[in-house]
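> My structure file start-v8.cif, mmCIF, C-alpha atoms, is below:
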data_final
loop_
_atom_site.label_atom_id
_atom_site.label_comp_id
_atom_site.auth_asym_id
_atom_site.auth_seq_id
_atom_site.Cartn_x
_atom_site.Cartn_y
_atom_site.Cartn_z
CA MET V 1 19.19 -67.36 24.40
CA SER V 2 18.37 -70.95 23.47
CA SER V 3 20.66 -73.36 21.64
CA ILE V 4 19.72 -74.29 18.09
CA ILE V 5 22.58 -76.76 17.76
CA GLU V 6 24.65 -78.49 20.43
CA THR V 7 27.38 -81.11 20.16
CA VAL V 8 28.27 -83.35 23.09
CA ASP V 9 31.60 -85.24 23.11
CA LEU V 10 31.49 -85.39 19.31
CA VAL V 11 33.98 -87.78 17.73
CA LYS V 12 34.45 -88.59 14.05
CA GLU V 13 36.84 -91.24 12.76
CA TYR V 14 37.56 -92.43 9.24
CA SER V 15 39.06 -95.83 8.58
CA GLN V 16 42.31 -95.95 6.61
CA GLY V 17 42.94 -99.60 5.95
CA GLU V 18 43.55 -101.23 9.29
CA LYS V 19 44.01 -97.87 11.02
CA SER V 20 41.54 -95.14 11.83
CA LEU V 21 42.01 -91.38 11.57
CA ARG V 22 40.31 -89.38 14.32
CA VAL V 23 39.28 -86.07 12.73
CA LEU V 24 37.11 -84.75 15.59
CA LYS V 25 38.21 -85.47 19.15
CA GLY V 26 35.34 -84.85 21.55
CA ILE V 27 33.85 -81.54 20.43
CA ASN V 28 31.51 -79.77 22.89
CA MET V 29 29.96 -76.68 21.34
CA LYS V 30 26.70 -74.74 21.28
CA VAL V 31 25.25 -72.58 18.53
CA GLU V 32 22.88 -70.10 20.12
CA GLU V 33 19.90 -68.52 18.42
CA GLY V 34 21.00 -65.30 16.71
CA ASP V 35 24.72 -66.17 16.71
CA PHE V 36 26.97 -64.72 14.02
CA MET V 37 29.93 -66.96 14.66
CA ALA V 38 33.02 -68.36 12.96
CA ILE V 39 34.77 -71.68 13.34
CA MET V 40 38.35 -71.05 12.32
CA GLY V 41 41.34 -73.31 11.85
CA PRO V 42 43.96 -74.38 9.31
CA SER V 43 43.35 -76.96 6.59
CA GLY V 44 42.93 -80.39 8.13
CA SER V 45 41.74 -79.08 11.50
CA GLY V 46 38.30 -80.70 11.12
CA LYS V 47 36.25 -77.59 10.25
CA SER V 48 34.35 -79.02 7.30
CA THR V 49 33.83 -82.34 9.08
CA LEU V 50 32.30 -80.46 12.01
CA LEU V 51 30.08 -78.48 9.64
CA ASN V 52 28.85 -81.72 8.08
CA MET V 53 28.07 -83.08 11.55
CA ILE V 54 26.10 -80.07 12.78
CA GLY V 55 24.34 -79.83 9.42
CA ALA V 56 23.17 -83.46 9.69
CA LEU V 57 25.00 -84.36 6.48
CA ASP V 58 27.15 -86.99 8.18
CA LYS V 59 26.93 -89.10 11.32
CA PRO V 60 29.43 -89.05 14.18
CA THR V 61 31.43 -92.07 15.26
CA SER V 62 30.38 -91.30 18.82
CA GLY V 63 28.89 -88.42 20.73
CA THR V 64 25.70 -86.50 20.05
CA VAL V 65 24.41 -83.73 17.80
CA LEU V 66 21.27 -82.03 19.11
CA ILE V 67 19.23 -79.76 16.85
CA ARG V 68 16.59 -77.89 18.85
CA GLY V 69 17.14 -80.46 21.59
CA VAL V 70 16.52 -83.48 19.33
CA ASP V 71 19.24 -86.12 19.11
CA ILE V 72 19.51 -86.43 15.33
CA SER V 73 20.86 -89.99 15.58
CA THR V 74 17.32 -91.04 16.55
CA LEU V 75 15.82 -89.71 13.29
CA SER V 76 15.12 -91.68 10.13
CA ASP V 77 16.65 -90.59 6.81
CA ASN V 78 13.36 -88.97 5.81
CA GLN V 79 13.12 -87.13 9.13
CA LEU V 80 16.71 -85.93 8.74
CA ALA V 81 16.02 -84.67 5.24
CA ASP V 82 12.93 -82.86 6.51
CA LEU V 83 14.90 -81.30 9.38
CA ARG V 84 17.66 -80.09 7.03
CA SER V 85 15.07 -78.64 4.68
CA LYS V 86 13.27 -76.67 7.39
CA GLU V 87 15.98 -75.72 9.87
CA ILE V 88 19.27 -75.44 7.97
CA GLY V 89 20.49 -73.55 4.92
CA PHE V 90 23.86 -74.32 3.34
CA ILE V 91 26.13 -71.87 1.50
CA PHE V 92 29.31 -73.18 -0.12
CA GLN V 93 32.55 -71.71 -1.46
CA PHE V 94 31.91 -72.81 -5.04
CA PHE V 95 28.24 -71.72 -5.15
CA ASN V 96 26.96 -75.13 -6.41
CA LEU V 97 24.55 -73.52 -8.86
CA ILE V 98 23.06 -75.45 -11.78
CA SER V 99 24.56 -73.91 -14.90
CA ARG V 100 21.63 -74.53 -17.25
CA MET V 101 19.13 -72.87 -14.91
CA LYS V 102 18.63 -69.15 -14.52
CA ALA V 103 19.20 -67.50 -11.14
CA LEU V 104 15.46 -67.63 -10.47
CA GLY V 105 15.30 -71.36 -11.19
CA ASN V 106 18.30 -72.05 -8.95
CA VAL V 107 16.64 -70.25 -6.05
CA GLU V 108 13.34 -72.05 -6.67
CA LEU V 109 14.90 -75.51 -6.67
CA PRO V 110 14.68 -76.31 -2.91
CA MET V 111 11.01 -75.31 -3.03
CA VAL V 112 10.39 -77.63 -5.98
CA ILE V 113 11.83 -80.47 -3.89
CA ALA V 114 9.67 -79.37 -0.93
CA GLY V 115 6.53 -79.41 -3.10
CA VAL V 116 5.78 -75.68 -2.95
CA PRO V 117 3.25 -74.62 -5.65
CA ARG V 118 4.77 -72.95 -8.72
CA ARG V 119 3.25 -69.51 -8.27
CA GLU V 120 4.28 -69.33 -4.60
CA ARG V 121 7.86 -70.43 -5.22
CA ARG V 122 8.24 -68.02 -8.14
CA GLU V 123 7.03 -65.15 -5.97
CA ARG V 124 9.23 -66.10 -3.01
CA ALA V 125 12.35 -66.62 -5.16
CA SER V 126 11.83 -63.26 -6.87
CA LYS V 127 11.51 -61.45 -3.54
CA LEU V 128 14.67 -63.09 -2.20
CA LEU V 129 16.68 -62.17 -5.30
CA GLU V 130 15.44 -58.59 -4.95
CA MET V 131 16.50 -58.65 -1.30
CA VAL V 132 20.06 -59.75 -2.13
CA GLY V 133 20.35 -57.07 -4.81
CA LEU V 134 19.78 -59.19 -7.92
CA GLY V 135 16.31 -58.09 -8.95
CA GLU V 136 17.54 -57.15 -12.42
CA ARG V 137 19.72 -60.26 -12.83
CA MET V 138 17.29 -63.03 -11.92
CA HIS V 139 16.87 -64.20 -15.52
CA HIS V 140 20.62 -64.63 -16.07
CA ARG V 141 22.37 -67.98 -15.92
CA PRO V 142 25.34 -68.49 -13.55
CA MET V 143 27.95 -68.11 -16.33
CA GLU V 144 26.50 -64.65 -17.02
CA LEU V 145 26.97 -63.57 -13.39
CA SER V 146 30.08 -62.49 -11.47
CA GLY V 147 31.38 -64.57 -8.56
CA GLY V 148 29.79 -62.20 -6.06
CA GLU V 149 26.46 -62.34 -7.88
CA GLN V 150 26.58 -66.15 -7.95
CA GLN V 151 27.19 -66.19 -4.20
CA ARG V 152 24.19 -63.88 -3.71
CA VAL V 153 22.09 -66.37 -5.69
CA ALA V 154 23.39 -69.14 -3.42
CA ILE V 155 22.46 -67.11 -0.32
CA ALA V 156 18.96 -66.47 -1.68
CA ARG V 157 18.61 -70.21 -2.41
CA ALA V 158 19.70 -71.05 1.15
CA LEU V 159 16.98 -68.75 2.51
CA VAL V 160 13.99 -70.03 0.54
CA ASN V 161 12.68 -72.43 3.17
CA ASP V 162 13.26 -69.82 5.90
CA PRO V 163 15.83 -71.84 7.88
CA ALA V 164 16.80 -70.85 11.41
CA VAL V 165 20.52 -71.35 10.83
CA LEU V 166 22.81 -70.92 7.83
CA LEU V 167 25.99 -72.99 7.66
CA CYS V 168 28.60 -71.35 5.47
CA ASP V 169 31.71 -73.16 4.21
CA GLU V 170 34.43 -70.68 3.15
CA VAL V 171 31.81 -68.48 1.46
CA THR V 172 34.29 -65.72 0.62
CA GLY V 173 37.12 -68.08 -0.35
CA ASN V 174 36.42 -67.82 -4.07
CA LEU V 175 35.92 -64.04 -4.12
CA ASP V 176 38.15 -60.97 -4.23
CA SER V 177 38.45 -59.04 -0.97
CA LYS V 178 35.96 -56.27 -1.85
CA THR V 179 33.30 -58.72 -3.02
CA GLY V 180 33.97 -60.85 0.05
CA GLN V 181 33.33 -57.83 2.28
CA ASP V 182 30.06 -57.16 0.46
CA ILE V 183 28.92 -60.76 1.01
CA MET V 184 29.88 -60.56 4.69
CA GLN V 185 27.85 -57.36 5.03
CA LEU V 186 24.84 -58.99 3.36
CA MET V 187 24.98 -61.90 5.81
CA ARG V 188 25.43 -59.50 8.74
CA ASN V 189 22.33 -57.62 7.63
CA LEU V 190 20.34 -60.87 7.54
CA ASN V 191 21.58 -61.61 11.04
CA ASN V 192 20.67 -58.15 12.36
CA GLU V 193 17.39 -57.61 10.54
CA GLN V 194 15.92 -61.13 10.38
CA GLY V 195 17.66 -62.76 13.34
CA LYS V 196 19.20 -65.47 11.15
CA THR V 197 21.86 -67.56 12.87
CA PHE V 198 25.15 -67.91 10.96
CA VAL V 199 28.00 -70.37 11.43
CA LEU V 200 30.92 -69.56 9.13
CA ILE V 201 33.72 -72.05 8.52
CA THR V 202 36.86 -70.13 7.57
CA HIS V 203 40.63 -70.08 7.60
CA ASP V 204 40.62 -66.31 6.93
CA PRO V 205 41.28 -64.17 10.04
CA VAL V 206 39.64 -61.15 8.37
CA VAL V 207 36.37 -63.08 8.03
CA ALA V 208 36.71 -64.44 11.56
CA GLN V 209 37.19 -60.96 13.01
CA SER V 210 34.01 -59.80 11.26
CA THR V 211 31.87 -62.13 13.40
CA ASP V 212 30.68 -61.84 17.00
CA ARG V 213 32.03 -65.12 18.29
CA LEU V 214 35.09 -67.12 17.29
CA VAL V 215 35.71 -70.80 17.95
CA THR V 216 39.25 -71.95 17.08
CA LEU V 217 39.78 -75.53 15.98
CA HIS V 218 43.11 -77.35 15.73
CA ASP V 219 43.72 -81.02 15.04
CA GLY V 220 40.09 -81.85 15.74
CA GLU V 221 39.88 -80.07 19.09
CA ILE V 222 38.56 -76.69 20.21
CA ILE V 223 41.57 -74.79 21.49
CA GLY V 224 39.92 -71.44 22.06
CA GLU V 225 36.66 -69.52 22.09
CA LYS V 226 36.06 -65.80 22.48
CA ARG V 227 33.66 -62.97 21.78
CA VAL V 228 35.02 -60.84 18.96
CA TRP V 229 32.87 -57.79 19.67
#
Show me this structure written as structure tokens.


Amino acid sequence: MSSIIETVDLVKEYSQGEKSLRVLKGINMKVEEGDFMAIMGPSGSGKSTLLNMIGALDKPTSGTVLIRGVDISTLSDNQLADLRSKEIGFIFQFFNLISRMKALGNVELPMVIAGVPRRERRERASKLLEMVGLGERMHHRPMELSGGEQQRVAIARALVNDPAVLLCDEVTGNLDSKTGQDIMQLMRNLNNEQGKTFVLITHDPVVAQSTDRLVTLHDGEIIGEKRVW
């Protein structure tokens, strides 16, 4: 199995006046192709900061992030944006849907930015919404959808550019337990059937135990790693 993402001695510090706060303290981690893994830790452990680093949304203070073997610190802003668009899909706790747009329009949006022709993006977005079980709800706006349905829209949107890896930040945190289980099963199916790689940031042990691999983070350091299954 080859690594899609690798971090080497990753450090992230934020300045607080004359002092600096070290949030990540030399993280060495690999995300392998086909992983269905969780990064778990309490609030303040550095989970979201690590997600931002491996998703090329933020730059480390020191150390290296490699995506498909490329040191992303060597890329221009345009190259980084292109890499994120093609290789990485993001799914967030609060869905981040645009309220005035229908589900179909929300899923199409990354393709609009990528310059995909209208007919092609409409067809692809429709197929993805069918796949996540929202074929009959694609013309509804977010406020007309349940939390679970909104998260399904967000998952479909994350898939439109066919990324290799999906980075998920507390994706079940805003859902009831039954809906959360349904979303986990949907992501597991995408992992099994399409080989999509998933990295889930969570503080929920139930979510963590539903993955194949668990990395435990505490105070900016990896304190444990194990295979769950």

> To test your reading of the syntax: which residues would the PyMOL selection byres ((chain V and resi 207-214) around 8) return for the file shown? Reply as number ranges by chain.

V: 35-40, 184, 202-206, 215-216, 225-229

> What is the distance, in Å and to one decimal place, between CA of Gly173 in chain V and CA of Ile113 in chain V?

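Pair CA of Gly173 in chain V / CA of Ile113 in chain V returns 28.4 Å.
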
> I'd like to see the residues matched by the PyMOL selection byres ((chain V and resi 89-102) around 9) on this file, and ideally I'd get them as a ChimeraX atom specification.

/V:55,84-88,103-107,138-143,147,150-155,157-175

> Tell me, in Å to one decimal, how far CA of Met29 in chain V is from CA of Ala81 in chain V.

22.7 Å

> Taking the file above as input, evaluate the PyMOL selection byres ((chain V and resi 194) around 12) and report the hits as a PDB file with C-alpha atoms, in the frame of the given file.


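Dumped everything to expr.pdb:
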ATOM      1  CA  GLU V  33      19.900 -68.520  18.420  1.00  0.00           C
ATOM      2  CA  GLY V  34      21.000 -65.300  16.710  1.00  0.00           C
ATOM      3  CA  ASP V  35      24.720 -66.170  16.710  1.00  0.00           C
ATOM      4  CA  MET V 131      16.500 -58.650  -1.300  1.00  0.00           C
ATOM      5  CA  LEU V 159      16.980 -68.750   2.510  1.00  0.00           C
ATOM      6  CA  ASP V 162      13.260 -69.820   5.900  1.00  0.00           C
ATOM      7  CA  PRO V 163      15.830 -71.840   7.880  1.00  0.00           C
ATOM      8  CA  ALA V 164      16.800 -70.850  11.410  1.00  0.00           C
ATOM      9  CA  VAL V 165      20.520 -71.350  10.830  1.00  0.00           C
ATOM     10  CA  LEU V 186      24.840 -58.990   3.360  1.00  0.00           C
ATOM     11  CA  MET V 187      24.980 -61.900   5.810  1.00  0.00           C
ATOM     12  CA  ARG V 188      25.430 -59.500   8.740  1.00  0.00           C
ATOM     13  CA  ASN V 189      22.330 -57.620   7.630  1.00  0.00           C
ATOM     14  CA  LEU V 190      20.340 -60.870   7.540  1.00  0.00           C
ATOM     15  CA  ASN V 191      21.580 -61.610  11.040  1.00  0.00           C
ATOM     16  CA  ASN V 192      20.670 -58.150  12.360  1.00  0.00           C
ATOM     17  CA  GLU V 193      17.390 -57.610  10.540  1.00  0.00           C
ATOM     18  CA  GLY V 195      17.660 -62.760  13.340  1.00  0.00           C
ATOM     19  CA  LYS V 196      19.200 -65.470  11.150  1.00  0.00           C
ATOM     20  CA  THR V 197      21.860 -67.560  12.870  1.00  0.00           C
ATOM     21  CA  PHE V 198      25.150 -67.910  10.960  1.00  0.00           C
TER      22      PHE V 198
END

> Just to confirm, what's the straight-line distance from CA of Lys59 in chain V to CA of Ser20 in chain V in Å (one decimal)?

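That distance, rounded to one decimal, is 15.8 Å.
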
> Rank V:Asp77, V:Val11, V:Pro110, V:Pro42 by their smallest atom-to-atom distance to Thr61 in chain V, using only C-alpha atoms, and report the top residue only.

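Checking each of V:Asp77, V:Val11, V:Pro110, V:Pro42 against Thr61 in chain V, counting only C-alpha atoms, the winner is V:Val11.
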
> Considering all atoms listed in the file, state which residue in the set V:Ile222, V:Val8, V:Val132, V:Val199 is at the smallest distance from Glu32 in chain V.

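Counting all atoms listed in the file, the residue closest to Glu32 in chain V is V:Val199.
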
> Let me make sure I understand: among V:Asp176, V:Asp9, V:Glu108, V:Leu200, which one has the smallest atom-to-atom distance to Ala156 in chain V if we use all atoms listed in the file?

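Closest to Ala156 in chain V of all the choices is V:Glu108.
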
> Could you add whatever atoms are missing so that range 149-179 of chain V carries N, CA and C atoms, then write the result as a short mmCIF file (atom, residue, chain, number, x, y, z; two decimals), keeping the file's coordinate frame?


data_model
loop_
_atom_site.label_atom_id
_atom_site.label_comp_id
_atom_site.auth_asym_id
_atom_site.auth_seq_id
_atom_site.Cartn_x
_atom_site.Cartn_y
_atom_site.Cartn_z
N GLU V 149 27.88 -62.18 -7.56
CA GLU V 149 26.46 -62.34 -7.88
C GLU V 149 26.03 -63.80 -7.72
N GLN V 150 26.91 -64.72 -8.12
CA GLN V 150 26.58 -66.15 -7.95
C GLN V 150 26.44 -66.49 -6.47
N GLN V 151 27.30 -65.91 -5.63
CA GLN V 151 27.19 -66.19 -4.20
C GLN V 151 25.91 -65.60 -3.62
N ARG V 152 25.47 -64.46 -4.14
CA ARG V 152 24.19 -63.88 -3.71
C ARG V 152 23.02 -64.79 -4.10
N VAL V 153 23.10 -65.40 -5.28
CA VAL V 153 22.09 -66.37 -5.69
C VAL V 153 22.09 -67.54 -4.71
N ALA V 154 23.28 -68.01 -4.36
CA ALA V 154 23.39 -69.14 -3.42
C ALA V 154 22.82 -68.79 -2.05
N ILE V 155 23.02 -67.55 -1.61
CA ILE V 155 22.46 -67.11 -0.32
C ILE V 155 20.93 -67.06 -0.41
N ALA V 156 20.42 -66.50 -1.50
CA ALA V 156 18.96 -66.47 -1.68
C ALA V 156 18.39 -67.88 -1.68
N ARG V 157 19.07 -68.81 -2.37
CA ARG V 157 18.61 -70.21 -2.41
C ARG V 157 18.59 -70.82 -1.01
N ALA V 158 19.62 -70.49 -0.21
CA ALA V 158 19.70 -71.05 1.15
C ALA V 158 18.58 -70.53 2.04
N LEU V 159 18.00 -69.38 1.67
CA LEU V 159 16.98 -68.75 2.51
C LEU V 159 15.55 -69.15 2.15
N VAL V 160 15.36 -69.88 1.05
CA VAL V 160 13.99 -70.03 0.54
C VAL V 160 13.05 -70.76 1.48
N ASN V 161 13.56 -71.71 2.24
CA ASN V 161 12.68 -72.43 3.17
C ASN V 161 12.70 -71.82 4.57
N ASP V 162 13.23 -70.60 4.65
CA ASP V 162 13.26 -69.82 5.90
C ASP V 162 13.92 -70.60 7.04
N PRO V 163 15.16 -71.07 6.83
CA PRO V 163 15.83 -71.84 7.88
C PRO V 163 16.23 -70.96 9.05
N ALA V 164 16.38 -71.59 10.22
CA ALA V 164 16.80 -70.85 11.41
C ALA V 164 18.30 -70.55 11.37
N VAL V 165 19.06 -71.48 10.79
CA VAL V 165 20.52 -71.35 10.83
C VAL V 165 21.10 -71.58 9.44
N LEU V 166 22.11 -70.78 9.10
CA LEU V 166 22.81 -70.92 7.83
C LEU V 166 24.25 -71.33 8.10
N LEU V 167 24.65 -72.45 7.51
CA LEU V 167 25.99 -72.99 7.66
C LEU V 167 26.78 -72.64 6.40
N CYS V 168 27.88 -71.95 6.58
CA CYS V 168 28.60 -71.35 5.47
C CYS V 168 30.04 -71.86 5.42
N ASP V 169 30.40 -72.53 4.33
CA ASP V 169 31.71 -73.16 4.21
C ASP V 169 32.60 -72.32 3.29
N GLU V 170 33.47 -71.51 3.89
CA GLU V 170 34.43 -70.68 3.15
C GLU V 170 33.72 -69.85 2.07
N VAL V 171 32.65 -69.15 2.47
CA VAL V 171 31.81 -68.48 1.46
C VAL V 171 32.50 -67.34 0.73
N THR V 172 33.56 -66.79 1.31
CA THR V 172 34.29 -65.72 0.62
C THR V 172 35.58 -66.23 -0.01
N GLY V 173 35.84 -67.53 0.09
CA GLY V 173 37.12 -68.08 -0.35
C GLY V 173 37.36 -67.99 -1.84
N ASN V 174 36.29 -67.85 -2.61
CA ASN V 174 36.42 -67.82 -4.07
C ASN V 174 36.20 -66.41 -4.62
N LEU V 175 36.24 -65.41 -3.73
CA LEU V 175 35.92 -64.04 -4.12
C LEU V 175 37.08 -63.10 -3.83
N ASP V 176 37.15 -61.99 -4.56
CA ASP V 176 38.15 -60.97 -4.23
C ASP V 176 37.74 -60.29 -2.92
N SER V 177 38.67 -59.55 -2.33
CA SER V 177 38.45 -59.04 -0.97
C SER V 177 37.25 -58.09 -0.89
N LYS V 178 37.08 -57.23 -1.87
CA LYS V 178 35.96 -56.27 -1.85
C LYS V 178 34.62 -57.00 -1.95
N THR V 179 34.53 -57.95 -2.88
CA THR V 179 33.30 -58.72 -3.02
C THR V 179 33.04 -59.54 -1.77
#
